[in-house]
>>> print(open('final.txt').read())   # compact mmCIF, C-alpha atoms
# COMPACT_ATOMS: atom_id res chain seq x y z
CA LEU Y 1 0.00 0.00 0.00
CA ALA Y 2 1.28 3.45 -0.89
CA LYS Y 3 2.20 5.57 2.12
CA THR Y 4 0.51 8.94 2.37
CA THR Y 5 1.51 12.07 4.27
CA GLN Y 6 -0.90 14.88 5.08
CA PRO Y 7 -0.96 17.73 7.62
CA ILE Y 8 -2.17 16.84 11.07
CA SER Y 9 -4.50 19.81 11.37
CA MET Y 10 -5.77 22.92 9.60
CA ASP Y 11 -7.85 25.85 10.76
CA SER Y 12 -10.18 27.91 8.62
CA TYR Y 13 -13.10 30.29 8.79
CA GLU Y 14 -16.57 30.02 7.40
CA GLY Y 15 -16.80 30.94 3.73
CA GLN Y 16 -13.13 30.30 3.00
CA GLU Y 17 -11.71 27.67 0.69
CA VAL Y 18 -9.76 24.88 2.35
CA ASN Y 19 -7.03 23.03 0.48
CA ILE Y 20 -5.50 19.88 1.96
CA THR Y 21 -2.46 18.46 0.22
CA CYS Y 22 -1.51 14.81 0.48
CA SER Y 23 1.87 13.38 -0.54
CA HIS Y 24 2.09 9.86 -1.98
CA ASN Y 25 5.52 9.56 -3.55
CA ASN Y 26 5.38 5.80 -4.11
CA ILE Y 27 1.97 5.70 -5.77
CA ALA Y 28 1.66 2.80 -8.20
CA THR Y 29 0.47 3.01 -11.79
CA ASN Y 30 -2.91 1.44 -11.03
CA ASP Y 31 -3.57 3.31 -7.80
CA TYR Y 32 -6.43 5.75 -7.40
CA ILE Y 33 -6.55 8.56 -4.85
CA THR Y 34 -9.57 8.69 -2.58
CA TRP Y 35 -10.62 11.10 0.15
CA TYR Y 36 -12.92 10.34 3.06
CA GLN Y 37 -14.49 12.56 5.69
CA GLN Y 38 -15.19 11.50 9.27
CA PHE Y 39 -17.29 13.27 11.86
CA PRO Y 40 -16.95 12.41 15.56
CA SER Y 41 -18.62 9.13 16.54
CA GLN Y 42 -19.40 8.27 12.91
CA GLY Y 43 -17.86 6.07 10.27
CA PRO Y 44 -15.92 7.71 7.43
CA ARG Y 45 -17.83 8.90 4.40
CA PHE Y 46 -16.57 8.94 0.82
CA ILE Y 47 -15.96 12.42 -0.62
CA ILE Y 48 -14.19 12.07 -3.93
CA GLN Y 49 -11.90 9.85 -5.95
CA GLY Y 50 -9.61 10.45 -8.91
CA TYR Y 51 -6.78 9.06 -10.99
CA LYS Y 52 -5.29 12.13 -12.69
CA THR Y 53 -5.91 15.80 -13.50
CA LYS Y 54 -9.00 17.23 -11.86
CA VAL Y 55 -12.20 15.75 -10.52
CA THR Y 56 -15.12 17.80 -9.23
CA ASN Y 57 -18.38 16.86 -7.59
CA GLU Y 58 -21.00 18.74 -5.62
CA VAL Y 59 -18.91 18.58 -2.45
CA ALA Y 60 -15.26 19.04 -3.40
CA SER Y 61 -12.58 19.13 -6.07
CA LEU Y 62 -9.55 16.94 -6.34
CA PHE Y 63 -6.43 18.15 -8.12
CA ILE Y 64 -3.80 15.65 -9.19
CA PRO Y 65 -0.62 16.80 -10.96
CA ALA Y 66 0.86 14.89 -13.86
CA ASP Y 67 3.42 13.01 -11.74
CA ARG Y 68 0.66 11.94 -9.33
CA LYS Y 69 3.01 12.12 -6.35
CA SER Y 70 0.65 14.41 -4.52
CA SER Y 71 -2.98 15.49 -4.60
CA THR Y 72 -4.99 18.37 -3.19
CA LEU Y 73 -8.50 18.20 -1.85
CA SER Y 74 -10.28 21.53 -2.19
CA LEU Y 75 -13.37 22.33 -0.12
CA PRO Y 76 -15.01 25.51 -1.40
CA ARG Y 77 -16.67 27.97 0.98
CA VAL Y 78 -16.54 25.81 4.10
CA SER Y 79 -19.12 26.01 6.86
CA LEU Y 80 -19.02 24.97 10.50
CA SER Y 81 -20.44 21.59 9.51
CA ASP Y 82 -17.30 20.84 7.49
CA THR Y 83 -15.33 20.50 10.72
CA ALA Y 84 -14.13 16.90 10.51
CA VAL Y 85 -11.16 14.63 9.93
CA TYR Y 86 -10.19 14.15 6.27
CA TYR Y 87 -8.31 11.09 5.11
CA CYS Y 88 -6.27 10.67 1.95
CA LEU Y 89 -5.98 7.09 0.72
CA VAL Y 90 -4.23 5.46 -2.18
CA GLY Y 91 -5.03 2.04 -3.59
CA ASP Y 92 -5.86 -0.04 -6.64
CA PRO Y 93 -9.63 -0.61 -6.75
CA PHE Y 94 -9.24 -3.21 -9.49
CA SER Y 95 -6.94 -5.55 -7.57
CA ASN Y 96 -8.29 -8.82 -6.26
CA ASP Y 97 -7.61 -7.87 -2.67
CA TYR Y 98 -8.60 -4.23 -2.73
CA LYS Y 99 -7.97 -2.63 0.61
CA LEU Y 100 -7.15 0.84 1.86
CA SER Y 101 -4.88 2.18 4.56
CA PHE Y 102 -6.15 5.09 6.61
CA GLY Y 103 -3.50 7.30 8.15
CA ALA Y 104 -4.14 9.73 10.98
CA GLY Y 105 -5.88 12.15 8.64
CA THR Y 106 -6.13 15.93 8.75
CA THR Y 107 -8.34 17.51 11.36
CA VAL Y 108 -10.01 20.53 9.81
CA THR Y 109 -11.56 23.02 12.20
CA VAL Y 110 -13.84 25.67 10.77
CA ARG Y 111 -14.49 28.69 12.96
CA ALA Y 112 -17.25 31.28 12.73
CA ASN T 1 -32.20 0.27 2.24
CA ALA T 2 -30.41 0.29 5.61
CA GLY T 3 -26.87 0.29 4.17
CA VAL T 4 -24.35 -1.10 6.64
CA THR T 5 -25.53 -1.95 10.13
CA GLN T 6 -23.52 -3.09 13.12
CA THR T 7 -24.59 -4.99 16.23
CA PRO T 8 -24.16 -4.16 19.07
CA LYS T 9 -23.52 -0.41 19.31
CA PHE T 10 -21.84 -0.63 22.70
CA ARG T 11 -20.36 -3.44 24.74
CA VAL T 12 -18.31 -3.82 27.90
CA LEU T 13 -16.32 -7.01 28.34
CA LYS T 14 -14.10 -8.37 31.05
CA THR T 15 -10.63 -9.57 30.18
CA GLY T 16 -10.79 -13.11 28.85
CA GLN T 17 -14.42 -12.99 27.73
CA SER T 18 -15.40 -13.61 24.16
CA MET T 19 -17.86 -11.91 21.86
CA THR T 20 -18.89 -11.57 18.24
CA LEU T 21 -19.58 -8.34 16.40
CA LEU T 22 -22.05 -8.59 13.56
CA CYS T 23 -21.95 -6.52 10.39
CA ALA T 24 -24.73 -6.68 7.83
CA GLN T 25 -25.11 -4.93 4.48
CA ASP T 26 -28.07 -4.92 2.11
CA MET T 27 -26.30 -3.50 -0.96
CA ASN T 28 -25.16 -6.84 -2.39
CA HIS T 29 -21.54 -5.77 -2.04
CA GLU T 30 -18.79 -8.29 -2.60
CA TYR T 31 -16.16 -6.75 -0.34
CA MET T 32 -16.47 -6.28 3.40
CA TYR T 33 -13.97 -4.94 5.94
CA TRP T 34 -13.42 -4.66 9.67
CA TYR T 35 -11.43 -1.71 11.05
CA ARG T 36 -10.56 -0.52 14.50
CA GLN T 37 -10.05 3.08 15.48
CA ASP T 38 -8.25 4.13 18.62
CA PRO T 39 -8.47 7.65 20.08
CA GLY T 40 -6.81 10.26 17.89
CA MET T 41 -5.81 7.73 15.29
CA GLY T 42 -6.94 6.69 11.86
CA LEU T 43 -8.60 3.40 11.04
CA ARG T 44 -6.55 0.23 10.93
CA LEU T 45 -7.70 -2.73 8.89
CA ILE T 46 -8.19 -5.93 10.92
CA HIS T 47 -9.56 -8.41 8.38
CA TYR T 48 -11.38 -8.19 5.12
CA SER T 49 -13.31 -10.38 2.72
CA VAL T 50 -13.48 -10.26 -1.07
CA GLY T 51 -16.45 -12.59 -1.27
CA GLU T 52 -18.63 -15.12 0.49
CA GLY T 53 -16.56 -17.82 2.14
CA THR T 54 -13.24 -15.93 1.82
CA THR T 55 -11.35 -13.84 4.35
CA ALA T 56 -7.91 -12.27 4.56
CA LYS T 57 -5.74 -10.59 7.16
CA GLY T 58 -5.28 -6.85 7.30
CA GLU T 59 -2.79 -4.76 9.21
CA VAL T 60 -3.71 -5.80 12.78
CA PRO T 61 -5.32 -9.28 12.71
CA ASP T 62 -3.90 -10.75 15.92
CA GLY T 63 -6.52 -11.58 18.55
CA TYR T 64 -9.40 -11.51 16.06
CA ASN T 65 -11.12 -14.01 13.83
CA VAL T 66 -13.70 -13.45 11.11
CA SER T 67 -16.21 -15.37 9.08
CA ARG T 68 -18.19 -14.62 5.94
CA LEU T 69 -20.69 -17.45 5.63
CA LYS T 70 -23.26 -15.28 3.88
CA LYS T 71 -22.56 -12.52 1.40
CA GLN T 72 -24.45 -9.94 3.42
CA ASN T 73 -22.84 -10.70 6.79
CA PHE T 74 -19.31 -10.34 8.12
CA LEU T 75 -18.64 -11.44 11.70
CA LEU T 76 -15.71 -10.32 13.85
CA GLY T 77 -14.86 -12.50 16.83
CA LEU T 78 -12.77 -11.88 19.89
CA GLU T 79 -11.97 -15.21 21.52
CA SER T 80 -10.29 -13.85 24.64
CA ALA T 81 -10.69 -10.12 25.01
CA ALA T 82 -7.79 -7.99 26.24
CA PRO T 83 -7.75 -4.35 27.38
CA SER T 84 -5.68 -3.52 24.29
CA GLN T 85 -8.74 -4.35 22.22
CA THR T 86 -10.69 -1.47 23.69
CA SER T 87 -11.55 0.53 20.61
CA VAL T 88 -14.27 1.59 18.20
CA TYR T 89 -14.86 -1.02 15.51
CA PHE T 90 -16.14 -0.06 12.09
CA CYS T 91 -17.41 -2.33 9.41
CA ALA T 92 -17.49 -1.31 5.76
CA SER T 93 -18.50 -2.78 2.43
CA SER T 94 -17.82 -1.94 -1.20
CA TYR T 95 -18.59 -3.23 -4.67
CA SER T 96 -15.83 -4.80 -6.64
CA THR T 97 -16.65 -4.59 -10.34
CA GLY T 98 -17.93 -2.16 -12.89
CA ASP T 99 -17.03 1.35 -13.91
CA SER T 100 -18.37 3.05 -10.83
CA VAL T 101 -16.31 4.58 -8.07
CA TYR T 102 -15.14 1.99 -5.54
CA GLU T 103 -16.19 3.77 -2.41
CA GLN T 104 -16.49 2.02 0.91
CA TYR T 105 -19.70 2.39 2.88
CA PHE T 106 -19.21 2.41 6.61
CA GLY T 107 -21.40 1.34 9.46
CA PRO T 108 -22.04 3.46 12.58
CA GLY T 109 -19.43 1.67 14.67
CA THR T 110 -19.33 -0.47 17.80
CA ARG T 111 -17.72 0.96 20.90
CA LEU T 112 -16.04 -1.85 22.84
CA THR T 113 -14.49 -1.49 26.26
CA VAL T 114 -12.48 -4.32 27.82
CA THR T 115 -11.85 -3.99 31.54
>>> encode(input="final.txt", output="structure tokens")
Amino acid sequence: LAKTTQPISMDSYEGQEVNITCSHNNIATNDYITWYQQFPSQGPRFIIQGYKTKVTNEVASLFIPADRKSSTLSLPRVSLSDTAVYYCLVGDPFSNDYKLSFGAGTTVTVRA
Amino acid sequence: NAGVTQTPKFRVLKTGQSMTLLCAQDMNHEYMYWYRQDPGMGLRLIHYSVGEGTTAKGEVPDGYNVSRLKKQNFLLGLESAAPSQTSVYFCASSYSTGDSVYEQYFGPGTRLTVT
């Protein structure tokens, strides 16, 4: 499993854009990059997944440079309810034993 | 459609006791997973299953056993509980084929305390 490195914590204010960068230097050719969100006392929830370039959905955007050794999750105009832990994961969803490794994640705190 | 459910939600065990955690999913997913999460840490994979009747070890399998007799159920067993197994346990499932995104769906968790 590819090792990922992301900041331990980030602070922001309501209405701002939050960008969380994840490093994954040993990402394999078939690996995808996936981000999950976890609120206290709940299981993680899928946010977005991508392989290269840019992916956008109604919640976030994911930017992946050409070398794929890092990725950036962008949360536009955050609100207090976006306060959570965000995990960056790397893995091959097409392998026969697909599994993911969750690191410590990034705790994002949004203040009023 | 209940998604992923876990039974029980809370449990207190004494050292040496045994118990089984039940995970059920109604999405016809092939893959199922058991994780544990300790305070301030991310999730660590205990065991997982890529289909009915198959299981495999994850990162921290010692002290746990699993079974996947039915596609919709994944059981996690503790034969002799230890205080080090005090944790929150999450079950997840995902689909394994097709062009869709391979997201994992998580259950609400089981909070286990071993005294």
>>> residues_around(input="final.txt", residues="Leu21 in chain T", least_positions_apart="5", cutoff="10 Å", atoms="all atoms listed in the file", output="ChimeraX atom specification")
/T:6-9,11,34,66,74-78,89-91,110,112
>>> atom_distance(input="final.txt", atom1="CA of Gln25 in chain T", atom2="CA of Gly3 in chain T")
5.5 Å
>>> atom_distance(input="final.txt", atom1="CA of Lys14 in chain T", atom2="CA of Val88 in chain T")
16.3 Å
>>> axis_aligned_box(input="final.txt", around="range 57-69 of chain T", padding_each_side="5 Å", output="JSON")
{"center_x": -11.7, "center_y": -11.1, "center_z": 12.1, "size_x": 27.9, "size_y": 22.7, "size_z": 22.9}
>>> interface_residues(input="final.txt", of="chain Y", to="chain T", cutoff="6 Å", atoms="only C-alpha atoms", output="PyMOL selection string")
chain Y and resi 42-43+102-104
>>> atom_distance(input="final.txt", atom1="CA of Ser61 in chain Y", atom2="CA of Ala2 in chain T")
28.4 Å
>>> closest_residue(input="final.txt", among="T:Arg36, T:Glu30, T:Cys23, T:Gln85", to="Ser67 in chain T", atoms="all atoms listed in the file")
T:Cys23
>>> residues_around(input="final.txt", residues="range 70-80 of chain Y", least_positions_apart="4", cutoff="8 Å", atoms="all atoms listed in the file", output="ChimeraX atom specification")
/Y:13-25,33,35,59-65,109-112
>>> write_last_selection(input="final.txt", atoms="C-alpha atoms", output="short mmCIF file (atom, residue, chain, number, x, y, z; two decimals), in the coordinates of the input")
data_model
loop_
_atom_site.label_atom_id
_atom_site.label_comp_id
_atom_site.auth_asym_id
_atom_site.auth_seq_id
_atom_site.Cartn_x
_atom_site.Cartn_y
_atom_site.Cartn_z
CA TYR Y 13 -13.10 30.29 8.79
CA GLU Y 14 -16.57 30.02 7.40
CA GLY Y 15 -16.80 30.94 3.73
CA GLN Y 16 -13.13 30.30 3.00
CA GLU Y 17 -11.71 27.67 0.69
CA VAL Y 18 -9.76 24.88 2.35
CA ASN Y 19 -7.03 23.03 0.48
CA ILE Y 20 -5.50 19.88 1.96
CA THR Y 21 -2.46 18.46 0.22
CA CYS Y 22 -1.51 14.81 0.48
CA SER Y 23 1.87 13.38 -0.54
CA HIS Y 24 2.09 9.86 -1.98
CA ASN Y 25 5.52 9.56 -3.55
CA ILE Y 33 -6.55 8.56 -4.85
CA TRP Y 35 -10.62 11.10 0.15
CA VAL Y 59 -18.91 18.58 -2.45
CA ALA Y 60 -15.26 19.04 -3.40
CA SER Y 61 -12.58 19.13 -6.07
CA LEU Y 62 -9.55 16.94 -6.34
CA PHE Y 63 -6.43 18.15 -8.12
CA ILE Y 64 -3.80 15.65 -9.19
CA PRO Y 65 -0.62 16.80 -10.96
CA THR Y 109 -11.56 23.02 12.20
CA VAL Y 110 -13.84 25.67 10.77
CA ARG Y 111 -14.49 28.69 12.96
CA ALA Y 112 -17.25 31.28 12.73
#
>>> closest_residue(input="final.txt", among="Y:Ser101, Y:Ala84, Y:Ser41, Y:Asp92", to="Ser87 in chain T", atoms="only C-alpha atoms")
Y:Ser41
>>> residues_around(input="final.txt", residues="Tyr32 in chain Y", least_positions_apart="4", cutoff="8 Å", atoms="only C-alpha atoms", output="PDB file with C-alpha atoms, in the frame of the given file")
ATOM      1  CA  GLN Y  49     -11.900   9.850  -5.950  1.00  0.00           C
ATOM      2  CA  GLY Y  50      -9.610  10.450  -8.910  1.00  0.00           C
ATOM      3  CA  TYR Y  51      -6.780   9.060 -10.990  1.00  0.00           C
ATOM      4  CA  VAL Y  90      -4.230   5.460  -2.180  1.00  0.00           C
ATOM      5  CA  GLY Y  91      -5.030   2.040  -3.590  1.00  0.00           C
ATOM      6  CA  ASP Y  92      -5.860  -0.040  -6.640  1.00  0.00           C
ATOM      7  CA  PRO Y  93      -9.630  -0.610  -6.750  1.00  0.00           C
TER       8      PRO Y  93
END
>>> residues_around(input="final.txt", residues="Asn26 in chain Y", least_positions_apart="4", cutoff="12 Å", atoms="all atoms listed in the file", output="PDB file with C-alpha atoms, keeping the file's coordinate frame")
ATOM      1  CA  LEU Y   1       0.000   0.000   0.000  1.00  0.00           C
ATOM      2  CA  ALA Y   2       1.280   3.450  -0.890  1.00  0.00           C
ATOM      3  CA  LYS Y   3       2.200   5.570   2.120  1.00  0.00           C
ATOM      4  CA  THR Y   4       0.510   8.940   2.370  1.00  0.00           C
ATOM      5  CA  THR Y   5       1.510  12.070   4.270  1.00  0.00           C
ATOM      6  CA  ASN Y  30      -2.910   1.440 -11.030  1.00  0.00           C
ATOM      7  CA  ASP Y  31      -3.570   3.310  -7.800  1.00  0.00           C
ATOM      8  CA  ASP Y  67       3.420  13.010 -11.740  1.00  0.00           C
ATOM      9  CA  ARG Y  68       0.660  11.940  -9.330  1.00  0.00           C
ATOM     10  CA  LYS Y  69       3.010  12.120  -6.350  1.00  0.00           C
ATOM     11  CA  SER Y  70       0.650  14.410  -4.520  1.00  0.00           C
ATOM     12  CA  VAL Y  90      -4.230   5.460  -2.180  1.00  0.00           C
ATOM     13  CA  GLY Y  91      -5.030   2.040  -3.590  1.00  0.00           C
TER      14      GLY Y  91
END
>>> closest_residue(input="final.txt", among="T:Thr113, T:Ile46, T:Asn73, T:Leu22", to="Pro61 in chain T", atoms="only C-alpha atoms")
T:Ile46
>>> residues_around(input="final.txt", residues="range 70-72 of chain T", least_positions_apart="5", cutoff="7 Å", atoms="all atoms listed in the file", output="PyMOL selection string")
chain T and resi 24-26+28+30+51-52
